[in-house]
Structures are given as structure tokens and as C-alpha cells.
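Trainee: Hey, dropping entry35.cif in here, mmCIF, C-alpha atoms:
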data_my_file
#
loop_
_atom_site.label_atom_id
_atom_site.label_comp_id
_atom_site.auth_asym_id
_atom_site.auth_seq_id
_atom_site.Cartn_x
_atom_site.Cartn_y
_atom_site.Cartn_z
CA MET W 619 7.76 25.08 -172.97
CA ASP W 620 7.68 21.30 -173.08
CA LEU W 621 4.19 19.99 -172.44
CA GLU W 622 5.22 17.15 -170.14
CA THR W 623 7.46 19.25 -167.90
CA GLN W 624 4.46 21.44 -167.10
CA ILE W 625 2.87 19.08 -164.58
CA GLY W 626 6.23 18.02 -163.12
CA ARG W 627 6.89 21.57 -162.05
CA VAL W 628 3.70 22.34 -160.17
CA GLY W 629 2.15 18.93 -159.51
CA VAL W 630 -1.46 17.84 -159.86
CA LEU W 631 -2.97 19.88 -157.02
CA PRO W 632 -3.06 23.32 -158.71
CA TYR W 633 -4.98 21.80 -161.63
CA VAL W 634 -7.49 20.13 -159.30
CA ALA W 635 -7.92 23.42 -157.41
CA ILE W 636 -8.35 25.49 -160.58
CA GLY W 637 -10.92 22.98 -161.84
CA VAL W 638 -12.90 23.11 -158.58
CA VAL W 639 -12.90 26.92 -158.59
CA ALA W 640 -13.97 27.00 -162.25
CA GLY W 641 -16.82 24.56 -161.59
CA LEU W 642 -17.84 26.53 -158.50
CA PHE W 643 -18.19 29.75 -160.45
CA ALA W 644 -19.78 28.00 -163.43
CA ALA W 645 -22.53 26.61 -161.18
CA MET W 646 -23.07 29.85 -159.27
CA PHE W 647 -23.08 32.29 -162.18
CA GLY W 648 -23.80 30.15 -165.22
CA ILE W 649 -20.73 31.42 -166.97
CA GLY W 650 -18.19 29.06 -168.42
CA GLY W 651 -15.07 28.20 -166.51
CA GLY W 652 -12.75 29.78 -169.08
CA ILE W 653 -12.71 33.22 -167.53
CA VAL W 654 -11.40 31.64 -164.30
CA ILE W 655 -9.24 28.89 -165.81
CA VAL W 656 -7.10 31.03 -168.11
CA PRO W 657 -5.90 33.65 -165.60
CA LEU W 658 -5.34 31.04 -162.87
CA LEU W 659 -3.28 28.86 -165.23
CA ILE W 660 -1.15 31.88 -166.11
CA LEU W 661 -0.80 33.15 -162.52
CA ILE W 662 -0.51 29.85 -160.60
CA THR W 663 1.06 27.33 -162.96
CA LYS W 664 2.96 30.00 -164.95
CA MET W 665 1.68 28.43 -168.14
CA PRO W 666 2.39 30.52 -171.27
CA ALA W 667 -0.68 32.53 -172.31
CA ARG W 668 -1.44 30.74 -175.59
CA MET W 669 -1.10 27.32 -173.98
CA ALA W 670 -3.39 28.43 -171.15
CA ALA W 671 -6.07 29.53 -173.62
CA ALA W 672 -5.74 26.30 -175.63
CA THR W 673 -5.84 24.08 -172.54
CA SER W 674 -8.86 25.99 -171.22
CA LEU W 675 -10.76 25.16 -174.43
CA ALA W 676 -9.94 21.48 -173.92
CA THR W 677 -11.30 21.65 -170.35
CA LEU W 678 -14.45 23.36 -171.62
CA ILE W 679 -15.22 20.36 -173.84
CA LEU W 680 -15.61 18.35 -170.61
CA THR W 681 -17.36 20.97 -168.49
CA SER W 682 -19.90 21.96 -171.16
CA LEU W 683 -20.55 18.29 -171.94
CA MET W 684 -21.20 17.61 -168.24
CA GLY W 685 -23.52 20.62 -168.12
CA VAL W 686 -25.47 19.44 -171.16
CA ILE W 687 -25.82 15.95 -169.69
CA ARG W 688 -27.15 17.51 -166.48
CA PHE W 689 -29.74 19.52 -168.43
CA SER W 690 -30.53 16.86 -171.03
CA GLY W 691 -33.44 15.34 -169.12
CA SER W 692 -35.23 18.70 -169.03
CA ASP W 693 -36.36 20.85 -171.94
CA HIS W 694 -34.06 23.75 -171.12
CA ILE W 695 -31.85 23.20 -174.17
CA ASP W 696 -33.10 24.68 -177.44
CA TRP W 697 -31.07 22.69 -179.96
CA VAL W 698 -32.08 24.84 -182.95
CA ALA W 699 -30.87 27.97 -181.15
CA ALA W 700 -27.66 26.18 -180.12
CA ILE W 701 -26.97 25.33 -183.77
CA VAL W 702 -27.85 28.83 -184.99
CA ILE W 703 -25.38 30.53 -182.60
CA GLY W 704 -22.87 27.66 -182.34
CA THR W 705 -22.18 27.23 -186.05
CA PRO W 706 -21.00 30.82 -186.69
CA ALA W 707 -19.00 30.52 -183.46
CA ILE W 708 -17.03 27.63 -184.99
CA VAL W 709 -15.97 30.02 -187.77
CA GLY W 710 -15.22 32.64 -185.10
CA VAL W 711 -13.01 30.36 -183.01
CA LEU W 712 -10.79 29.64 -186.02
CA ILE W 713 -10.54 33.39 -186.76
CA GLY W 714 -9.70 34.07 -183.09
CA ILE W 715 -6.95 31.45 -183.02
CA ARG W 716 -5.46 32.80 -186.25
CA PHE W 717 -5.42 36.28 -184.76
CA GLN W 718 -3.95 34.97 -181.48
CA LYS W 719 -0.97 33.48 -183.36
CA ARG W 720 0.09 36.91 -184.55
CA LEU W 721 -0.34 38.60 -181.19
CA PRO W 722 2.69 38.85 -178.84
CA ALA W 723 2.04 37.16 -175.45
CA GLU W 724 2.16 40.45 -173.50
CA TRP W 725 -0.55 41.97 -175.69
CA LEU W 726 -2.64 38.83 -175.39
CA ILE W 727 -2.44 38.97 -171.57
CA LEU W 728 -3.14 42.72 -171.61
CA GLY W 729 -6.22 42.16 -173.80
CA PHE W 730 -7.47 39.35 -171.59
CA GLY W 731 -6.83 41.44 -168.46
CA LEU W 732 -8.97 44.26 -169.88
CA PHE W 733 -11.69 41.75 -170.81
CA VAL W 734 -11.68 40.23 -167.30
CA VAL W 735 -11.74 43.67 -165.65
CA GLY W 736 -14.67 44.64 -167.89
CA ILE W 737 -16.67 41.59 -166.75
CA GLY W 738 -15.61 42.30 -163.14
CA ILE W 739 -16.94 45.88 -163.30
CA LYS W 740 -20.19 44.59 -164.83
CA MET W 741 -20.64 42.12 -161.95
CA VAL W 742 -19.62 44.42 -159.08
CA PHE W 743 -21.90 47.23 -160.19
CA ALA W 744 -24.65 44.87 -161.46
CA LEU W 745 -24.76 46.57 -164.87
CA MET B 787 -37.43 30.08 -181.45
CA GLN B 788 -38.70 32.63 -183.98
CA LEU B 789 -36.33 33.07 -186.89
CA ASP B 790 -36.54 36.01 -189.24
CA ALA B 791 -33.81 37.75 -191.23
CA THR B 792 -33.01 40.27 -188.48
CA THR B 793 -32.74 37.85 -185.57
CA LEU B 794 -30.85 35.37 -187.74
CA SER B 795 -28.23 37.92 -188.77
CA LEU B 796 -27.93 39.15 -185.15
CA ALA B 797 -27.49 35.55 -183.98
CA ILE B 798 -24.80 34.94 -186.59
CA ALA B 799 -22.96 38.16 -185.65
CA CYS B 800 -23.06 37.30 -181.93
CA GLY B 801 -22.01 33.72 -182.68
CA VAL B 802 -18.97 34.85 -184.65
CA ALA B 803 -18.05 37.38 -181.93
CA ALA B 804 -18.34 34.70 -179.22
CA GLY B 805 -16.18 32.37 -181.30
CA VAL B 806 -13.48 34.98 -181.84
CA LEU B 807 -13.32 35.58 -178.06
CA ALA B 808 -13.15 31.82 -177.52
CA GLY B 809 -10.28 31.36 -179.94
CA LEU B 810 -8.38 34.41 -178.77
CA PHE B 811 -8.73 34.03 -175.00
CA GLY B 812 -9.79 30.42 -174.40
CA VAL B 813 -13.16 31.29 -172.88
CA GLY B 814 -16.20 29.37 -174.03
CA GLY B 815 -18.26 32.18 -175.43
CA GLY B 816 -21.07 31.84 -172.90
CA ILE B 817 -20.39 35.40 -171.82
CA ILE B 818 -21.83 36.45 -175.20
CA PHE B 819 -24.16 33.49 -175.89
CA VAL B 820 -26.21 33.88 -172.70
CA PRO B 821 -27.05 37.61 -173.03
CA THR B 822 -27.69 37.11 -176.77
CA LEU B 823 -30.24 34.38 -176.06
CA VAL B 824 -31.88 36.36 -173.26
CA LEU B 825 -31.99 39.76 -174.98
CA ILE B 826 -32.50 38.83 -178.65
CA PHE B 827 -34.41 35.56 -178.40
CA SER B 828 -36.19 36.31 -175.10
CA PHE B 829 -34.94 33.10 -173.47
CA HIS B 830 -35.32 32.54 -169.74
CA GLN B 831 -31.98 32.72 -167.92
CA LEU B 832 -31.77 28.97 -167.23
CA ASP B 833 -32.75 28.01 -170.80
CA ALA B 834 -30.15 30.46 -172.10
CA GLN B 835 -27.44 28.95 -169.89
CA ALA B 836 -28.31 25.38 -170.88
CA THR B 837 -28.49 26.23 -174.59
CA SER B 838 -25.23 28.17 -174.34
CA LEU B 839 -23.50 25.09 -172.90
CA ALA B 840 -24.70 23.04 -175.88
CA ALA B 841 -23.40 25.69 -178.30
CA ILE B 842 -20.00 25.76 -176.56
CA ILE B 843 -19.26 22.04 -177.10
CA PRO B 844 -18.46 22.23 -180.85
CA VAL B 845 -16.60 25.55 -180.37
CA ALA B 846 -14.39 24.07 -177.64
CA LEU B 847 -13.88 20.87 -179.65
CA ILE B 848 -12.84 22.59 -182.90
CA GLY B 849 -10.77 25.19 -181.02
CA ALA B 850 -8.89 22.60 -178.94
CA TRP B 851 -8.34 20.43 -182.03
CA ARG B 852 -6.93 23.40 -183.96
CA GLN B 853 -4.63 24.42 -181.10
CA ASN B 854 -3.56 20.80 -180.65
CA THR B 855 -2.04 20.80 -184.15
CA GLU B 856 0.47 23.25 -182.68
CA HIS B 857 0.92 21.22 -179.48
CA LEU B 858 -0.54 23.98 -177.32
CA VAL B 859 -3.06 21.82 -175.43
CA TYR B 860 -1.92 20.34 -172.13
CA TRP B 861 -4.43 17.49 -172.13
CA ARG B 862 -3.49 16.00 -168.79
CA GLY B 863 -4.05 19.33 -167.06
CA ALA B 864 -7.30 19.79 -168.97
CA VAL B 865 -8.68 16.42 -167.83
CA ILE B 866 -7.65 17.01 -164.20
CA MET B 867 -9.33 20.43 -164.25
CA GLY B 868 -12.42 18.87 -165.83
CA VAL B 869 -12.66 16.34 -162.98
CA GLY B 870 -12.11 19.11 -160.42
CA ALA B 871 -14.82 21.16 -162.07
CA ALA B 872 -17.32 18.31 -161.66
CA PHE B 873 -16.84 18.62 -157.88
CA GLY B 874 -16.84 22.41 -158.03
CA VAL B 875 -20.22 22.38 -159.75
CA LEU B 876 -21.71 20.32 -156.90
CA ILE B 877 -20.34 22.69 -154.23
CA GLY B 878 -21.30 25.76 -156.28
CA ALA B 879 -24.88 24.59 -156.61
CA GLU B 880 -25.14 24.46 -152.79
CA PHE B 881 -23.72 27.99 -152.41
CA ALA B 882 -26.01 29.33 -155.12
CA LEU B 883 -29.02 28.09 -153.18
CA ARG B 884 -27.95 29.54 -149.83
CA LEU B 885 -26.38 32.93 -150.60
CA PRO B 886 -28.08 35.93 -152.20
CA GLU B 887 -27.19 36.28 -155.87
CA ALA B 888 -26.24 39.97 -155.63
CA THR B 889 -23.62 39.26 -152.94
CA LEU B 890 -22.15 36.34 -154.89
CA SER B 891 -21.97 38.40 -158.03
CA ARG B 892 -20.24 41.28 -156.24
CA VAL B 893 -17.66 39.01 -154.58
CA PHE B 894 -16.88 37.22 -157.82
CA GLY B 895 -16.69 40.54 -159.67
CA MET B 896 -14.09 41.79 -157.18
CA VAL B 897 -12.02 38.62 -157.65
CA LEU B 898 -12.11 39.25 -161.40
CA LEU B 899 -11.03 42.88 -160.90
CA LEU B 900 -8.01 41.73 -158.87
CA VAL B 901 -7.03 38.96 -161.31
CA GLY B 902 -7.59 41.14 -164.38
CA GLY B 903 -5.76 44.07 -162.77
CA GLU B 904 -2.76 41.86 -162.01
CA MET B 905 -2.69 40.68 -165.65
CA ILE B 906 -2.85 44.25 -166.96
CA ILE B 907 -0.06 45.46 -164.64
CA SER B 908 2.26 42.50 -165.30
CA SER B 909 1.81 42.72 -169.09
CA ILE B 910 2.44 46.48 -169.14
CA ARG B 911 5.60 45.94 -167.04
CA LYS B 912 6.83 43.33 -169.51
CA LEU B 913 6.04 45.60 -172.46
CA GLN B 914 7.96 48.45 -170.81
CA ALA B 915 10.91 46.16 -169.99
CA GLY B 916 10.94 44.99 -173.60
CA ARG B 917 10.92 48.57 -174.83
CA ALA B 918 13.74 49.55 -172.46
CA ALA B 919 15.78 46.54 -173.62
CA THR B 920 15.44 47.38 -177.30
CA SER B 921 16.09 51.13 -177.00
#
Give the structure from the file, written as C-alpha cells.

Mentor:
Amino acid sequence: MDLETQIGRVGVLPYVAIGVVAGLFAAMFGIGGGIVIVPLLILITKMPARMAAATSLATLILTSLMGVIRFSGSDHIDWVAAIVIGTPAIVGVLIGIRFQKRLPAEWLILGFGLFVVGIGIKMVFAL
Amino acid sequence: MQLDATTLSLAIACGVAAGVLAGLFGVGGGIIFVPTLVLIFSFHQLDAQATSLAAIIPVALIGAWRQNTEHLVYWRGAVIMGVGAAFGVLIGAEFALRLPEATLSRVFGMVLLLVGGEMIISSIRKLQAGRAATS
């Protein structure tokens, strides 16, 4: 799909709404917006799965940066710990993207659906 | 933070796992970072969430950059969602203060079950349609 036709088809509003919902859940549960952004992009804007995942990562640059700025005055952020877990995650993200390339879209959506349901069960039953 | 060989290798394993999820599904990795910090490093919940956010920044940056080389990032949408999220955070903070956490968690969990269920059903339908078309 052409990148620029994407917004022409659904307009700006769905993106604003998805962003608000993602921020809402991020603030209430302390989880990133990605778990909300990706399925809503696929279901509402009909964005292809890989593009939805990629665009979600781009949004997370902004949302995590805003979160860090909000916390930066306090001593809640342990920078050493962030580096210790964040550095191997950089290697992981490149592995994940490589794997994603080889996965057909249906399987990617199925995998994500199972992941989302798993988190949903955990939250409903407070596991 | 106390670092010995065991915690360091656990942290690296969890970091890689969080990164793989991030790359594969476009989530930030906080879903793994936060419990890792709480359970392995005995962080308080709020410290874990704040530190997780800091760890997500480079992951999201490198991931988006990598995906951008294949023109998969819709930047305009990403920026609009980012601005929307800034407002959502403000509203969410109000809700979080006024409603009991268990109720919130249960409602959000049910939303995830619906959304995830819809994704599973639609993908299985497409897989079946594809199989029927090729046979």
C-alpha cells in the first residue's frame, strides 16, 4: 500500500483517537501503547500488519520520550538498569524484524492475536 | 541495582526477548521489561515503569529506523498518534486516581480479549480461504 494514500482514506481522526486511547491505557496501566496501537491500526485504518507494527514503533519513540521527560525530575529512572535491559533489546528488535519479514501477514496477525489474548486473560483474572 | 552473573544473564535474556517481541509485533517491550525489573531486580512498580520507558526509547528508535528502510513507517500517522497519546495520558492519569485498579484492569483485559479474539478469528478465516483457493 502507498504510504501517502493511507491518511487520505481514513482521515486524521482515527489516528488522533487511537493515540488518545493508547495514552489513556499507558497512563492507567503503565504498559506501552503498542498493544493498543497495533490492533486498532489494523482493525480501524485497515493498515497492513507489518506497517502497523512499524508505525507503532515510531509512535513509541514519542510516547516513551514524553514519559521519560515526565519522570526525569524524580529519581524513578534507574539508567544503569535501563542500559542493561535496553541494549540486548536493541539486538532483539533487529532479530524480531528479520523474523517478521519471513512471516506471512495472516500468521503475524494470528500470533499477535494470541499474544493480546494472553495479556487479556492475565489482566481479567489478575494472574 | 545489584549486578552479578546470574541477574546479568537473566536481564540480557529478558532484554532480548522484549526486543524480539518489539520487532515482531511493534509493541515496546514494557510488557516484559516491567515484570523483569520488579521480579528480578526488586524494583518498585513505578520505578520499573519509568525505567522501562527509558529502555524502550532506543528499541523503538532502532526498530523504526530499520523498518523505515523498507518504507513501512507511516510517520504522519505516528506523529498524530503521539500527539493524541499526550492528551490520553492526561485523561488516563485522572481515571487512574479515581477508579479502583482491579476494575480498570478487568475492563481493559476484556477489551484485549475482544480485540485479540477478532484478530485470531479473522486471520484463521484468511488462512482457510487461502487454503481453499490453492487446493

Trainee: Can you spell out as an NGL selection string the set of residues that the PyMOL selection byres ((chain B and resi 822-838) around 8) selects in the structure I just provided?

Mentor: (:W and (648-649 or 685-686 or 689 or 694-697 or 699-700)) or (:B and (787-788 or 793 or 796-797 or 800 or 816 or 818-821 or 839-842))

Trainee: Give as a list in words the residues that the PyMOL selection byres ((chain B and resi 895) around 7) matches when applied to the coordinates above.

Mentor: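 Selected by the PyMOL selection byres ((chain B and resi 895) around 7) in this file: Gly738, Ile739, Met741 and Val742 of chain W; Ser891, Arg892, Val893, Phe894, Met896, Val897, Leu898 and Leu899 of chain B.
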
Trainee: Select, from W:Ala667, W:Leu642, W:Val628, W:Ile687, the residue with the minimum atom-to-atom distance to chain B, counting only C-alpha atoms.

Mentor: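 So, comparing all the options, the nearest one is W:Leu642.
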
Trainee: Within 10 Å of Ala882 of chain B, counting only C-alpha atoms, which residues qualify if same-chain residues fewer than 6 places away don't, as number ranges by chain?

Mentor: W: 642-643, 645-647; B: 890

Trainee: Hey, can you spit out that residue selection with C-alpha atoms as a tab-separated table (two decimals), in the coordinates of the input?

Mentor:
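Contents of out20.tsv, as written:
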chain	number	residue	atom	x	y	z
W	642	LEU	CA	-17.84	26.53	-158.50
W	643	PHE	CA	-18.19	29.75	-160.45
W	645	ALA	CA	-22.53	26.61	-161.18
W	646	MET	CA	-23.07	29.85	-159.27
W	647	PHE	CA	-23.08	32.29	-162.18
B	890	LEU	CA	-22.15	36.34	-154.89

Trainee: Residues at most 12 Å from Ile907 of chain B, counting all atoms listed in the file, excluding those fewer than 4 positions away in the same chain, as a list of chain:residue names?

Mentor: W:Glu724, W:Trp725, W:Ile727, W:Leu728, W:Gly729, W:Phe730, W:Gly731, W:Leu732, W:Val735, B:Leu899, B:Leu900, B:Val901, B:Gly902, B:Gly903, B:Arg911, B:Lys912, B:Leu913, B:Gln914

Trainee: Run through the PyMOL selection byres ((chain W and resi 662) around 10) on the given coordinates and return the selected residues as a list in words.

Mentor: Val628, Pro632, Tyr633, Ile636, Pro657, Leu658, Leu659, Ile660, Leu661, Thr663, Lys664 and Met665 of chain W

Trainee: For Gly651 of chain W, which residue among W:Met669, W:Ser682, W:Gly714, W:Gly629 is the nearest when counting only C-alpha atoms?

Mentor: W:Ser682

Trainee: Choose the residue, out of W:Gly736, W:Leu726, W:Ile655, W:Gly637, that has the smallest atom-to-atom separation from chain B; count all atoms listed in the file.

Mentor: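 Among the listed residues, W:Gly637 lies closest to chain B.
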